[in-house]
Structure formats: structure tokens, C-alpha cells
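Asks: Hey, dropping model_1.pdb in here, PDB, C-alpha atoms, pLDDT in the B column:
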```
ATOM      1  CA  MET A   4     199.528  91.079 143.134  1.00 60.00           C
ATOM      2  CA  GLU A   5     201.577  88.838 145.417  1.00 75.00           C
ATOM      3  CA  GLN A   6     199.979  87.097 148.374  1.00 94.00           C
ATOM      4  CA  THR A   7     202.227  88.519 151.073  1.00 97.00           C
ATOM      5  CA  VAL A   8     200.719  86.450 153.878  1.00 98.00           C
ATOM      6  CA  LEU A   9     199.478  82.855 153.932  1.00 98.00           C
ATOM      7  CA  ILE A  10     197.237  81.341 156.610  1.00 98.00           C
ATOM      8  CA  GLU A  11     196.977  77.675 157.553  1.00 98.00           C
ATOM      9  CA  ARG A  12     194.490  76.207 160.021  1.00 97.00           C
ATOM     10  CA  ALA A  13     194.672  72.737 161.559  1.00 97.00           C
ATOM     11  CA  ASP A  14     193.469  71.245 164.849  1.00 97.00           C
ATOM     12  CA  GLY A  15     192.893  74.547 166.602  1.00 97.00           C
ATOM     13  CA  VAL A  16     196.226  76.009 165.477  1.00 98.00           C
ATOM     14  CA  ALA A  17     196.528  78.840 162.966  1.00 98.00           C
ATOM     15  CA  THR A  18     199.846  79.570 161.265  1.00 98.00           C
ATOM     16  CA  ILE A  19     200.533  82.900 159.600  1.00 98.00           C
ATOM     17  CA  TRP A  20     203.348  82.629 157.073  1.00 98.00           C
ATOM     18  CA  LEU A  21     205.240  85.706 155.914  1.00 98.00           C
ATOM     19  CA  ASN A  22     205.339  85.038 152.176  1.00 98.00           C
ATOM     20  CA  ARG A  23     207.745  87.418 150.466  1.00 97.00           C
ATOM     21  CA  GLU A  24     210.579  84.952 150.108  1.00 95.00           C
ATOM     22  CA  ARG A  25     212.195  86.771 147.189  1.00 94.00           C
ATOM     23  CA  VAL A  26     212.912  89.783 149.462  1.00 95.00           C
ATOM     24  CA  ARG A  27     213.642  87.761 152.610  1.00 97.00           C
ATOM     25  CA  ASN A  28     210.132  88.455 153.920  1.00 97.00           C
ATOM     26  CA  ALA A  29     210.861  92.149 154.270  1.00 96.00           C
ATOM     27  CA  PHE A  30     207.611  93.931 154.904  1.00 91.00           C
ATOM     28  CA  ASN A  31     205.949  96.749 153.025  1.00 92.00           C
ATOM     29  CA  GLU A  32     202.571  98.442 153.233  1.00 93.00           C
ATOM     30  CA  GLU A  33     200.844  95.483 151.555  1.00 95.00           C
ATOM     31  CA  MET A  34     202.251  92.969 154.019  1.00 96.00           C
ATOM     32  CA  ILE A  35     201.348  95.180 156.992  1.00 97.00           C
ATOM     33  CA  SER A  36     197.762  95.425 155.757  1.00 97.00           C
ATOM     34  CA  ALA A  37     197.631  91.688 155.056  1.00 97.00           C
ATOM     35  CA  LEU A  38     198.917  90.882 158.549  1.00 98.00           C
ATOM     36  CA  GLN A  39     196.334  93.224 160.064  1.00 98.00           C
ATOM     37  CA  ARG A  40     193.512  91.523 158.154  1.00 98.00           C
ATOM     38  CA  ALA A  41     194.785  88.052 159.057  1.00 98.00           C
ATOM     39  CA  LEU A  42     195.052  88.885 162.751  1.00 98.00           C
ATOM     40  CA  ASP A  43     191.612  90.475 162.812  1.00 98.00           C
ATOM     41  CA  ASP A  44     190.035  87.470 161.083  1.00 98.00           C
ATOM     42  CA  LEU A  45     191.761  84.920 163.321  1.00 98.00           C
ATOM     43  CA  ASN A  46     190.855  86.861 166.439  1.00 97.00           C
ATOM     44  CA  GLU A  47     187.212  86.337 165.473  1.00 96.00           C
ATOM     45  CA  ASP A  48     187.641  82.572 164.923  1.00 97.00           C
ATOM     46  CA  ASP A  49     186.703  80.829 168.178  1.00 94.00           C
ATOM     47  CA  SER A  50     188.132  77.529 166.939  1.00 96.00           C
ATOM     48  CA  ILE A  51     191.681  78.916 167.063  1.00 97.00           C
ATOM     49  CA  GLN A  52     193.541  78.117 170.295  1.00 98.00           C
ATOM     50  CA  VAL A  53     197.110  78.985 169.269  1.00 98.00           C
ATOM     51  CA  LEU A  54     198.615  81.329 166.675  1.00 98.00           C
ATOM     52  CA  ILE A  55     202.040  80.632 165.136  1.00 98.00           C
ATOM     53  CA  LEU A  56     204.023  83.193 163.147  1.00 98.00           C
ATOM     54  CA  ARG A  57     206.631  81.903 160.679  1.00 98.00           C
ATOM     55  CA  GLY A  58     208.472  82.979 157.523  1.00 98.00           C
ATOM     56  CA  LYS A  59     208.811  81.251 154.165  1.00 98.00           C
ATOM     57  CA  GLY A  60     212.245  80.722 152.666  1.00 97.00           C
ATOM     58  CA  PRO A  61     215.676  81.028 154.305  1.00 97.00           C
ATOM     59  CA  VAL A  62     214.918  84.061 156.515  1.00 97.00           C
ATOM     60  CA  PHE A  63     212.116  84.859 158.969  1.00 98.00           C
ATOM     61  CA  CYS A  64     212.037  88.602 158.283  1.00 98.00           C
ATOM     62  CA  ALA A  65     214.705  91.038 157.091  1.00 96.00           C
ATOM     63  CA  GLY A  66     212.853  94.131 158.308  1.00 93.00           C
ATOM     64  CA  ALA A  67     211.561  96.847 155.995  1.00 88.00           C
ATOM     65  CA  ASP A  68     211.513  96.375 152.235  1.00 89.00           C
ATOM     66  CA  LEU A  69     214.130  98.519 150.459  1.00 80.00           C
ATOM     67  CA  ASN A  70     211.694  99.549 147.711  1.00 84.00           C
ATOM     68  CA  TRP A  71     209.200 100.640 150.356  1.00 82.00           C
ATOM     69  CA  MET A  72     211.929 102.615 152.123  1.00 79.00           C
ATOM     70  CA  GLN A  73     212.883 104.240 148.814  1.00 80.00           C
ATOM     71  CA  LYS A  74     209.322 105.467 148.347  1.00 82.00           C
ATOM     72  CA  ALA A  75     209.225 106.707 151.941  1.00 78.00           C
ATOM     73  CA  VAL A  76     212.176 109.031 151.257  1.00 78.00           C
ATOM     74  CA  ASP A  77     209.789 111.307 149.363  1.00 84.00           C
ATOM     75  CA  TYR A  78     206.801 110.928 151.694  1.00 86.00           C
ATOM     76  CA  SER A  79     205.230 113.905 153.388  1.00 91.00           C
ATOM     77  CA  TYR A  80     204.959 113.960 157.168  1.00 90.00           C
ATOM     78  CA  GLN A  81     201.292 112.944 156.883  1.00 92.00           C
ATOM     79  CA  GLN A  82     202.104 109.971 154.641  1.00 88.00           C
ATOM     80  CA  ASN A  83     204.837 108.846 157.030  1.00 85.00           C
ATOM     81  CA  MET A  84     202.436 109.207 159.936  1.00 91.00           C
ATOM     82  CA  GLU A  85     199.717 107.146 158.276  1.00 91.00           C
ATOM     83  CA  GLU A  86     202.023 104.268 157.341  1.00 90.00           C
ATOM     84  CA  SER A  87     203.762 104.276 160.707  1.00 92.00           C
ATOM     85  CA  LEU A  88     200.410 104.217 162.465  1.00 96.00           C
ATOM     86  CA  SER A  89     199.260 101.234 160.391  1.00 96.00           C
ATOM     87  CA  LEU A  90     202.383  99.330 161.466  1.00 96.00           C
ATOM     88  CA  ALA A  91     201.904 100.363 165.096  1.00 97.00           C
ATOM     89  CA  LYS A  92     198.281  99.186 165.070  1.00 98.00           C
ATOM     90  CA  MET A  93     199.206  95.854 163.500  1.00 98.00           C
ATOM     91  CA  LEU A  94     201.904  95.229 166.106  1.00 98.00           C
ATOM     92  CA  TYR A  95     199.488  96.032 168.916  1.00 98.00           C
ATOM     93  CA  THR A  96     196.928  93.635 167.431  1.00 98.00           C
ATOM     94  CA  LEU A  97     199.564  90.894 167.463  1.00 98.00           C
ATOM     95  CA  TYR A  98     200.706  91.783 170.991  1.00 98.00           C
ATOM     96  CA  SER A  99     197.137  91.800 172.329  1.00 98.00           C
ATOM     97  CA  PHE A 100     195.947  88.791 170.308  1.00 98.00           C
ATOM     98  CA  SER A 101     193.361  86.911 172.363  1.00 97.00           C
ATOM     99  CA  ARG A 102     195.051  83.502 172.153  1.00 98.00           C
ATOM    100  CA  PRO A 103     198.665  82.467 172.849  1.00 98.00           C
ATOM    101  CA  THR A 104     201.116  83.366 170.091  1.00 98.00           C
ATOM    102  CA  ILE A 105     204.355  81.611 169.112  1.00 98.00           C
ATOM    103  CA  ALA A 106     207.038  83.035 166.819  1.00 98.00           C
ATOM    104  CA  VAL A 107     209.190  80.396 165.115  1.00 98.00           C
ATOM    105  CA  VAL A 108     212.279  82.177 163.839  1.00 98.00           C
ATOM    106  CA  HIS A 109     215.015  81.071 161.463  1.00 98.00           C
ATOM    107  CA  GLY A 110     217.771  82.672 159.427  1.00 98.00           C
ATOM    108  CA  ALA A 111     217.415  86.254 160.619  1.00 98.00           C
ATOM    109  CA  ALA A 112     215.048  88.678 162.306  1.00 98.00           C
ATOM    110  CA  ILE A 113     216.145  92.233 161.593  1.00 98.00           C
ATOM    111  CA  GLY A 114     214.574  95.574 162.509  1.00 96.00           C
ATOM    112  CA  GLY A 115     210.815  95.229 162.274  1.00 95.00           C
ATOM    113  CA  GLY A 116     211.267  91.459 162.227  1.00 97.00           C
ATOM    114  CA  VAL A 117     212.509  91.708 165.817  1.00 98.00           C
ATOM    115  CA  GLY A 118     209.435  93.793 166.522  1.00 98.00           C
ATOM    116  CA  LEU A 119     207.159  91.032 165.266  1.00 98.00           C
ATOM    117  CA  ILE A 120     208.695  88.385 167.495  1.00 98.00           C
ATOM    118  CA  SER A 121     208.741  90.754 170.476  1.00 98.00           C
ATOM    119  CA  CYS A 122     204.945  90.943 170.243  1.00 98.00           C
ATOM    120  CA  CYS A 123     204.592  87.158 170.605  1.00 98.00           C
ATOM    121  CA  ASP A 124     204.187  85.220 173.855  1.00 98.00           C
ATOM    122  CA  PHE A 125     206.773  82.566 172.980  1.00 98.00           C
ATOM    123  CA  VAL A 126     209.803  82.904 170.697  1.00 98.00           C
ATOM    124  CA  PHE A 127     211.630  79.793 169.497  1.00 98.00           C
ATOM    125  CA  SER A 128     214.572  80.096 167.116  1.00 98.00           C
ATOM    126  CA  GLN A 129     216.513  77.637 165.034  1.00 97.00           C
ATOM    127  CA  HIS A 130     220.296  77.459 165.383  1.00 96.00           C
ATOM    128  CA  ASP A 131     222.336  80.150 163.623  1.00 95.00           C
ATOM    129  CA  THR A 132     219.528  82.717 163.571  1.00 98.00           C
ATOM    130  CA  LYS A 133     220.747  86.333 163.655  1.00 98.00           C
ATOM    131  CA  PHE A 134     219.017  89.301 165.251  1.00 98.00           C
ATOM    132  CA  SER A 135     219.534  93.052 165.045  1.00 98.00           C
ATOM    133  CA  PHE A 136     217.787  96.312 165.859  1.00 98.00           C
ATOM    134  CA  SER A 137     219.365  97.825 162.767  1.00 96.00           C
ATOM    135  CA  GLU A 138     217.490 101.129 162.579  1.00 95.00           C
ATOM    136  CA  VAL A 139     220.146 103.576 163.834  1.00 96.00           C
ATOM    137  CA  LYS A 140     222.512 102.424 161.074  1.00 95.00           C
ATOM    138  CA  LEU A 141     220.001 103.911 158.633  1.00 91.00           C
ATOM    139  CA  GLY A 142     219.554 107.126 160.579  1.00 92.00           C
ATOM    140  CA  LEU A 143     216.234 105.858 161.954  1.00 92.00           C
ATOM    141  CA  ILE A 144     215.002 104.637 165.335  1.00 96.00           C
ATOM    142  CA  PRO A 145     213.055 101.468 166.295  1.00 96.00           C
ATOM    143  CA  ALA A 146     210.122 103.615 167.328  1.00 96.00           C
ATOM    144  CA  VAL A 147     206.940 101.609 166.823  1.00 96.00           C
ATOM    145  CA  ILE A 148     208.522  98.280 167.796  1.00 97.00           C
ATOM    146  CA  SER A 149     210.126  99.690 170.953  1.00 98.00           C
ATOM    147  CA  PRO A 150     207.195  99.216 173.389  1.00 98.00           C
ATOM    148  CA  TYR A 151     207.159  95.473 172.742  1.00 98.00           C
ATOM    149  CA  ALA A 152     210.913  94.961 172.445  1.00 98.00           C
ATOM    150  CA  ILE A 153     211.582  96.820 175.698  1.00 98.00           C
ATOM    151  CA  LYS A 154     208.876  94.810 177.461  1.00 98.00           C
ATOM    152  CA  ARG A 155     210.536  91.616 176.280  1.00 98.00           C
ATOM    153  CA  ILE A 156     214.211  92.388 176.919  1.00 98.00           C
ATOM    154  CA  GLY A 157     214.117  95.280 179.387  1.00 98.00           C
ATOM    155  CA  GLU A 158     215.593  98.777 179.291  1.00 98.00           C
ATOM    156  CA  LYS A 159     219.202  97.723 179.899  1.00 98.00           C
ATOM    157  CA  HIS A 160     219.398  95.263 177.029  1.00 98.00           C
ATOM    158  CA  ALA A 161     217.326  97.534 174.775  1.00 98.00           C
ATOM    159  CA  LYS A 162     219.901 100.294 175.187  1.00 98.00           C
ATOM    160  CA  GLN A 163     222.778  97.949 174.428  1.00 98.00           C
ATOM    161  CA  LEU A 164     221.160  96.522 171.296  1.00 98.00           C
ATOM    162  CA  MET A 165     219.207  99.490 169.914  1.00 98.00           C
ATOM    163  CA  LEU A 166     221.951 102.095 170.343  1.00 98.00           C
ATOM    164  CA  THR A 167     224.624  99.947 168.691  1.00 98.00           C
ATOM    165  CA  ALA A 168     222.507  98.085 166.096  1.00 98.00           C
ATOM    166  CA  LYS A 169     224.874  95.185 166.634  1.00 97.00           C
ATOM    167  CA  LEU A 170     224.136  91.769 165.178  1.00 97.00           C
ATOM    168  CA  ILE A 171     223.626  89.095 167.825  1.00 98.00           C
ATOM    169  CA  ARG A 172     223.268  85.346 167.588  1.00 96.00           C
ATOM    170  CA  GLU A 173     221.158  82.853 169.477  1.00 93.00           C
ATOM    171  CA  ASP A 174     223.310  82.651 172.612  1.00 95.00           C
ATOM    172  CA  GLU A 175     223.019  86.375 173.296  1.00 97.00           C
ATOM    173  CA  ALA A 176     219.379  86.436 172.174  1.00 98.00           C
ATOM    174  CA  LEU A 177     218.673  83.787 174.811  1.00 98.00           C
ATOM    175  CA  GLN A 178     220.680  85.672 177.416  1.00 98.00           C
ATOM    176  CA  VAL A 179     218.770  88.939 176.979  1.00 98.00           C
ATOM    177  CA  GLY A 180     215.391  87.194 176.803  1.00 98.00           C
ATOM    178  CA  LEU A 181     214.586  87.952 173.185  1.00 98.00           C
ATOM    179  CA  VAL A 182     214.361  84.201 172.534  1.00 98.00           C
ATOM    180  CA  ASP A 183     212.926  81.563 174.881  1.00 98.00           C
ATOM    181  CA  PHE A 184     214.406  78.455 173.273  1.00 98.00           C
ATOM    182  CA  SER A 185     216.905  77.724 170.529  1.00 98.00           C
ATOM    183  CA  GLY A 186     217.703  74.428 168.853  1.00 98.00           C
ATOM    184  CA  SER A 187     217.698  72.479 165.631  1.00 98.00           C
ATOM    185  CA  GLU A 188     214.639  72.615 163.384  1.00 97.00           C
ATOM    186  CA  GLU A 189     213.493  69.295 164.838  1.00 98.00           C
ATOM    187  CA  GLU A 190     214.072  70.439 168.427  1.00 98.00           C
ATOM    188  CA  VAL A 191     212.151  73.658 167.808  1.00 98.00           C
ATOM    189  CA  ASP A 192     209.232  71.732 166.299  1.00 98.00           C
ATOM    190  CA  ILE A 193     209.157  69.460 169.365  1.00 98.00           C
ATOM    191  CA  GLN A 194     209.164  72.490 171.662  1.00 98.00           C
ATOM    192  CA  VAL A 195     206.344  74.139 169.715  1.00 98.00           C
ATOM    193  CA  ALA A 196     204.277  70.934 169.838  1.00 98.00           C
ATOM    194  CA  SER A 197     204.874  70.664 173.586  1.00 98.00           C
ATOM    195  CA  VAL A 198     203.632  74.195 174.249  1.00 98.00           C
ATOM    196  CA  ILE A 199     200.605  73.691 171.996  1.00 98.00           C
ATOM    197  CA  LYS A 200     199.736  70.480 173.857  1.00 98.00           C
ATOM    198  CA  LEU A 201     199.869  72.248 177.222  1.00 98.00           C
ATOM    199  CA  ILE A 202     197.707  75.108 175.985  1.00 98.00           C
ATOM    200  CA  GLN A 203     195.132  72.784 174.431  1.00 97.00           C
ATOM    201  CA  GLU A 204     194.875  70.813 177.666  1.00 96.00           C
ATOM    202  CA  ALA A 205     193.710  73.969 179.445  1.00 96.00           C
ATOM    203  CA  GLY A 206     190.314  75.636 179.239  1.00 95.00           C
ATOM    204  CA  PRO A 207     190.263  77.750 176.046  1.00 95.00           C
ATOM    205  CA  GLN A 208     188.208  80.531 177.623  1.00 95.00           C
ATOM    206  CA  ALA A 209     190.466  80.545 180.676  1.00 96.00           C
ATOM    207  CA  VAL A 210     193.560  80.869 178.507  1.00 97.00           C
ATOM    208  CA  SER A 211     192.020  83.768 176.590  1.00 97.00           C
ATOM    209  CA  HIS A 212     190.906  85.498 179.802  1.00 96.00           C
ATOM    210  CA  CYS A 213     194.379  84.949 181.248  1.00 97.00           C
ATOM    211  CA  LYS A 214     195.983  86.679 178.276  1.00 97.00           C
ATOM    212  CA  ARG A 215     193.645  89.630 178.735  1.00 97.00           C
ATOM    213  CA  LEU A 216     194.414  89.673 182.466  1.00 96.00           C
ATOM    214  CA  ILE A 217     198.163  89.881 181.835  1.00 97.00           C
ATOM    215  CA  LEU A 218     197.618  92.605 179.221  1.00 97.00           C
ATOM    216  CA  ASN A 219     195.571  94.680 181.651  1.00 97.00           C
ATOM    217  CA  ILE A 220     197.872  94.174 184.639  1.00 96.00           C
ATOM    218  CA  SER A 221     200.963  95.021 182.578  1.00 96.00           C
ATOM    219  CA  ASN A 222     199.559  97.956 180.617  1.00 96.00           C
ATOM    220  CA  GLN A 223     196.197  99.233 181.793  1.00 95.00           C
ATOM    221  CA  TRP A 224     195.418  98.949 185.505  1.00 97.00           C
ATOM    222  CA  SER A 225     197.102 100.594 188.440  1.00 97.00           C
ATOM    223  CA  LEU A 226     197.619  98.424 191.532  1.00 95.00           C
ATOM    224  CA  ASP A 227     194.681 100.150 193.218  1.00 97.00           C
ATOM    225  CA  GLU A 228     192.449  99.419 190.216  1.00 97.00           C
ATOM    226  CA  ALA A 229     193.635  95.810 190.081  1.00 97.00           C
ATOM    227  CA  ILE A 230     192.277  95.060 193.575  1.00 97.00           C
ATOM    228  CA  GLY A 231     188.646  95.430 192.574  1.00 96.00           C
ATOM    229  CA  LYS A 232     188.965  94.456 188.931  1.00 96.00           C
ATOM    230  CA  THR A 233     190.750  91.148 189.576  1.00 97.00           C
ATOM    231  CA  ALA A 234     188.274  90.214 192.329  1.00 95.00           C
ATOM    232  CA  GLN A 235     185.398  90.956 189.960  1.00 95.00           C
ATOM    233  CA  LEU A 236     187.056  88.998 187.185  1.00 94.00           C
ATOM    234  CA  ILE A 237     187.580  85.784 189.155  1.00 95.00           C
ATOM    235  CA  ALA A 238     184.039  86.008 190.522  1.00 92.00           C
ATOM    236  CA  GLU A 239     182.725  86.185 186.953  1.00 93.00           C
ATOM    237  CA  ILE A 240     184.996  83.397 185.695  1.00 93.00           C
ATOM    238  CA  ARG A 241     184.048  80.993 188.482  1.00 92.00           C
ATOM    239  CA  SER A 242     180.432  81.069 187.352  1.00 89.00           C
ATOM    240  CA  THR A 243     181.171  80.115 183.726  1.00 92.00           C
ATOM    241  CA  GLU A 244     180.339  76.647 182.442  1.00 92.00           C
ATOM    242  CA  GLU A 245     183.982  75.958 181.612  1.00 91.00           C
ATOM    243  CA  ALA A 246     185.177  76.850 185.116  1.00 85.00           C
ATOM    244  CA  GLN A 247     182.364  74.941 186.793  1.00 90.00           C
ATOM    245  CA  HIS A 248     183.190  71.830 184.786  1.00 88.00           C
ATOM    246  CA  GLY A 249     186.909  72.197 185.410  1.00 79.00           C
ATOM    247  CA  MET A 250     186.545  72.622 189.167  1.00 80.00           C
ATOM    248  CA  ARG A 251     184.110  69.718 189.503  1.00 85.00           C
ATOM    249  CA  SER A 252     186.382  67.424 187.481  1.00 81.00           C
ATOM    250  CA  PHE A 253     189.393  68.378 189.596  1.00 81.00           C
ATOM    251  CA  LEU A 254     187.528  67.834 192.875  1.00 73.00           C
ATOM    252  CA  ALA A 255     186.148  64.499 191.662  1.00 79.00           C
ATOM    253  CA  LYS A 256     189.672  63.272 190.890  1.00 75.00           C
ATOM    254  CA  LYS A 257     190.840  64.354 194.336  1.00 63.00           C
ATOM    255  CA  GLU A 258     188.031  62.438 196.002  1.00 63.00           C
ATOM    256  CA  LEU A 259     189.019  59.262 194.153  1.00 59.00           C
ATOM    257  CA  LYS A 260     192.564  59.368 195.518  1.00 57.00           C
TER     258      LYS A 260
END
```
Please rewrite the model in this file as C-alpha cells.
Replies:
Amino acid sequence: MEQTVLIERADGVATIWLNRERVRNAFNEEMISALQRALDDLNEDDSIQVLILRGKGPVFCAGADLNWMQKAVDYSYQQNMEESLSLAKMLYTLYSFSRPTIAVVHGAAIGGGVGLISCCDFVFSQHDTKFSFSEVKLGLIPAVISPYAIKRIGEKHAKQLMLTAKLIREDEALQVGLVDFSGSEEEVDIQVASVIKLIQEAGPQAVSHCKRLILNISNQWSLDEAIGKTAQLIAEIRSTEEAQHGMRSFLAKKELK
């Protein structure tokens, strides 16, 4: 059985590699399950400060595997529901991952591949990468990836790209906000290293709490709820050892100036 996902750990950074190069990293039920397991395991690893998502071979992710789609033609409603729910849960786990996430994209991100990068906090692409919400060409819709894609690019751009399934390149991907930075492989690596450095210079607990804060503000709390909950949260954070150390160090530096 192929190892559909590879995990590397080094210096507080975990990299998940999509590892189905022979099918352009198209995902199937095995890859979805493997990604879910990897994300769950890494979420429990306190040594991880940053998660990077990449693809082996010439393409980041070509969307759904054709053999998997062929099997799905004969699925019952219940089978379709179960597999779709497993994909939806995996995407939410990536979107809500407790540490910052970076997608490094090359070659192409098609269909569900666009969904994967839409779940990440930062998206950096190499030159000549292509993107497409291709589902309507197949008589399908980008259902389970839509919450994250629409959050990233907004309703206007989602309509333009999802309804037409058109193929876009890096300039338009940057324009609509699907990608944050595009450059050569070397330039992308420099950008990734720069972001990692900034994150690792911050308090790891603070960064994790900040991700949870943004998740709650954007998806969970009403404005009325946020008044009390955010006040409670900062009161709790201020009393932590990390915050106490950080504030004292900052004040000490100010006194020396």
C-alpha cells in the first residue's frame, strides 16, 4: 500500500508532503484518511510551531483521483455522504489547526487542491502555477471546499471562478487573494523562511491562542459574545508564564533606552 502522505519534522517545523506523484498528487480516500491522521498527530505535538503543506513531483495537487471518482459513480447516497464528510472533516482540521499553516504550491492546484490551500494561513506559489475550481465542468460543485475558498477570496471572486471553472495563473490568483506571494522556487523558499522566523520569534502559546481567537471571531462568536469572551481571554493570557516573561522583557528593554 502506497504511503500517500509523508511527514518531516525539523526545528519546530513540520512539513506534510502529498506523496502520490504518479497521479499528480490527486487525492483519494486513503490520502484523505492519511492527511487526517497526520494533522491530528501534529496537532498533539507541542514542539511544532509551524506546519507546511507541499506536494511531491511536478504538481501540488490535481484534485480528485480519477479512479476514486470512477468508483464514486456507483456509490449509494450513504457512501457518498460518508466519504464527503471525511473530506469535510479533514479540511476543517487543517483550517482550524492550532499553529500557523503555510501552503507551498507549484505546478497546479485544481479542485480539491485549491480547497487545501484555502484552508492554510499563508499561500506561496512558484511561478507558472495554475489554479482552477474545476468541479462544474464535471457536473459537480465545490461543496466541501467552498467555506474555506469563499473566506479566502470572497463571494465576488468565488462566483467568477467557481461558476466558470476557468484556469487562472499566478497574477490573477494574487489579485483575487488566493495566493499571498508568488516567485521563483528560491524566492518562495526565502519568503517561507522569513515567515517561519517571525512566527518563531513570537511566544508559541500566544501564536496558538491568536489562531484560536481569529477562528472564534470569524466563525463562532457574535459581536455581543465577543465583548465578554475577549476580555476574559486576555485576562487569562496575561497571567500565563509566557506572557509575564514577555511583558517583563519588553518593559526592561524600554527602561534601558
Asks: Closest to Val198 in chain A among A:Val26, A:Ile105, A:Gly60, A:Glu33, using all atoms listed in the file?
Replies: A:Ile105
Asks: Report the residues retrieved by the PyMOL selection byres ((chain A and resi 12) around 12) from the displayed file, expressed as a PDB file with C-alpha atoms, in the frame of the given file.
Replies:
```pdb
ATOM      1  CA  LEU A   9     199.478  82.855 153.932  1.00 98.00           C
ATOM      2  CA  ILE A  10     197.237  81.341 156.610  1.00 98.00           C
ATOM      3  CA  GLU A  11     196.977  77.675 157.553  1.00 98.00           C
ATOM      4  CA  ALA A  13     194.672  72.737 161.559  1.00 97.00           C
ATOM      5  CA  ASP A  14     193.469  71.245 164.849  1.00 97.00           C
ATOM      6  CA  GLY A  15     192.893  74.547 166.602  1.00 97.00           C
ATOM      7  CA  VAL A  16     196.226  76.009 165.477  1.00 98.00           C
ATOM      8  CA  ALA A  17     196.528  78.840 162.966  1.00 98.00           C
ATOM      9  CA  THR A  18     199.846  79.570 161.265  1.00 98.00           C
ATOM     10  CA  ILE A  19     200.533  82.900 159.600  1.00 98.00           C
ATOM     11  CA  TRP A  20     203.348  82.629 157.073  1.00 98.00           C
ATOM     12  CA  ALA A  41     194.785  88.052 159.057  1.00 98.00           C
ATOM     13  CA  LEU A  45     191.761  84.920 163.321  1.00 98.00           C
ATOM     14  CA  ASP A  48     187.641  82.572 164.923  1.00 97.00           C
ATOM     15  CA  SER A  50     188.132  77.529 166.939  1.00 96.00           C
ATOM     16  CA  ILE A  51     191.681  78.916 167.063  1.00 97.00           C
ATOM     17  CA  GLN A  52     193.541  78.117 170.295  1.00 98.00           C
ATOM     18  CA  VAL A  53     197.110  78.985 169.269  1.00 98.00           C
ATOM     19  CA  LEU A  54     198.615  81.329 166.675  1.00 98.00           C
ATOM     20  CA  ILE A  55     202.040  80.632 165.136  1.00 98.00           C
TER      21      ILE A  55
END
```
Asks: Could you tell me which residues the PyMOL selection byres ((chain A and resi 177-192) around 7) returns for this structure, as an MDAnalysis selection string?
Replies: chainID A and resid 125:130 155:156 160 173:176 193:196
Asks: If you apply the PyMOL selection byres ((chain A and resi 240) around 12) to this file, what residues do you get, as an MDAnalysis selection string?
Replies: chainID A and resid 206 208:213 216 233:239 241:250
Asks: Please dump the current selection as a PDB file, keeping the file's coordinate frame; keep C-alpha atoms.
Replies:
```
ATOM      1  CA  GLY A 206     190.314  75.636 179.239  1.00 95.00           C
ATOM      2  CA  GLN A 208     188.208  80.531 177.623  1.00 95.00           C
ATOM      3  CA  ALA A 209     190.466  80.545 180.676  1.00 96.00           C
ATOM      4  CA  VAL A 210     193.560  80.869 178.507  1.00 97.00           C
ATOM      5  CA  SER A 211     192.020  83.768 176.590  1.00 97.00           C
ATOM      6  CA  HIS A 212     190.906  85.498 179.802  1.00 96.00           C
ATOM      7  CA  CYS A 213     194.379  84.949 181.248  1.00 97.00           C
ATOM      8  CA  LEU A 216     194.414  89.673 182.466  1.00 96.00           C
ATOM      9  CA  THR A 233     190.750  91.148 189.576  1.00 97.00           C
ATOM     10  CA  ALA A 234     188.274  90.214 192.329  1.00 95.00           C
ATOM     11  CA  GLN A 235     185.398  90.956 189.960  1.00 95.00           C
ATOM     12  CA  LEU A 236     187.056  88.998 187.185  1.00 94.00           C
ATOM     13  CA  ILE A 237     187.580  85.784 189.155  1.00 95.00           C
ATOM     14  CA  ALA A 238     184.039  86.008 190.522  1.00 92.00           C
ATOM     15  CA  GLU A 239     182.725  86.185 186.953  1.00 93.00           C
ATOM     16  CA  ARG A 241     184.048  80.993 188.482  1.00 92.00           C
ATOM     17  CA  SER A 242     180.432  81.069 187.352  1.00 89.00           C
ATOM     18  CA  THR A 243     181.171  80.115 183.726  1.00 92.00           C
ATOM     19  CA  GLU A 244     180.339  76.647 182.442  1.00 92.00           C
ATOM     20  CA  GLU A 245     183.982  75.958 181.612  1.00 91.00           C
ATOM     21  CA  ALA A 246     185.177  76.850 185.116  1.00 85.00           C
ATOM     22  CA  GLN A 247     182.364  74.941 186.793  1.00 90.00           C
ATOM     23  CA  HIS A 248     183.190  71.830 184.786  1.00 88.00           C
ATOM     24  CA  GLY A 249     186.909  72.197 185.410  1.00 79.00           C
ATOM     25  CA  MET A 250     186.545  72.622 189.167  1.00 80.00           C
TER      26      MET A 250
END
```
Asks: Quick one: distance from CA of Ile153 in chain A to CA of Val117 in chain A in Å, one decimal?
Replies: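 It comes out at 11.2 Å.
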Asks: Just checking: using all atoms listed in the file, which residue out of A:Met34, A:Ala29, A:Val76, A:Met84 ends up closest to Glu5 in chain A?
Replies: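 Of A:Met34, A:Ala29, A:Val76, A:Met84, the one nearest Glu5 in chain A, counting all atoms listed in the file, is A:Met34.
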Asks: So, with all atoms listed in the file as the atoms that count, which of A:Asn70, A:Asp43, A:Thr104, A:Glu32 lies closest to Glu85 in chain A?
Replies: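 Selected residue with least distance to Glu85 in chain A: A:Glu32.
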Asks: Please determine, counting all atoms listed in the file, which residue among A:Gly66, A:Pro103, A:Ser36, A:Tyr78 has the shortest atom-to-atom distance to Ala205 in chain A.
Replies: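 Nearest to Ala205 in chain A: A:Pro103.
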Asks: Figure out the distance between CA of Ala111 in chain A and CA of Arg172 in chain A, please, to one decimal in Å.
Replies: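 If I compute the distance from CA of Arg172 in chain A to CA of Ala111 in chain A, I get 9.1 Å.
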Asks: Suppose you want the space between CA of Leu42 in chain A and CA of Lys92 in chain A; what is it in Å?
Replies: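 The value is 11.0 Å.
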Asks: Counting all atoms listed in the file, which residue out of A:Ala91, A:Pro150, A:Gln6, A:Ala112 sits closest to Arg27 in chain A?
Replies: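 Among A:Ala91, A:Pro150, A:Gln6, A:Ala112, it is A:Ala112 that comes nearest to Arg27 in chain A.
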Asks: Got a sec to check which residues sit within 8 Å of (207.3, 92.6, 171.5), counting only C-alpha atoms, and write them as a list of chain:residue names?
Replies: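 Residues found, by chain and rising number: A:Tyr98, A:Val117, A:Gly118, A:Leu119, A:Ile120, A:Ser121, A:Cys122, A:Cys123, A:Ile148, A:Ser149, A:Pro150, A:Tyr151, A:Ala152, A:Ile153, A:Lys154, A:Arg155.
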Asks: So, counting all atoms listed in the file, which residue among A:Met72, A:Val139, A:Arg102, A:Lys59 is closest to Glu47 in chain A?
Replies: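 Among A:Met72, A:Val139, A:Arg102, A:Lys59, it is A:Arg102 that comes nearest to Glu47 in chain A.
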Asks: Please report, as lines of an AutoDock Vina configuration file, the centre and edge lengths in Å to one decimal of an axis-aligned box covering all listed atoms of range 204-218 of chain A with 8 Å per side.
Replies:
```
center_x = 193.2
center_y = 81.7
center_z = 179.3
size_x = 26.0
size_y = 37.8
size_z = 22.4
```
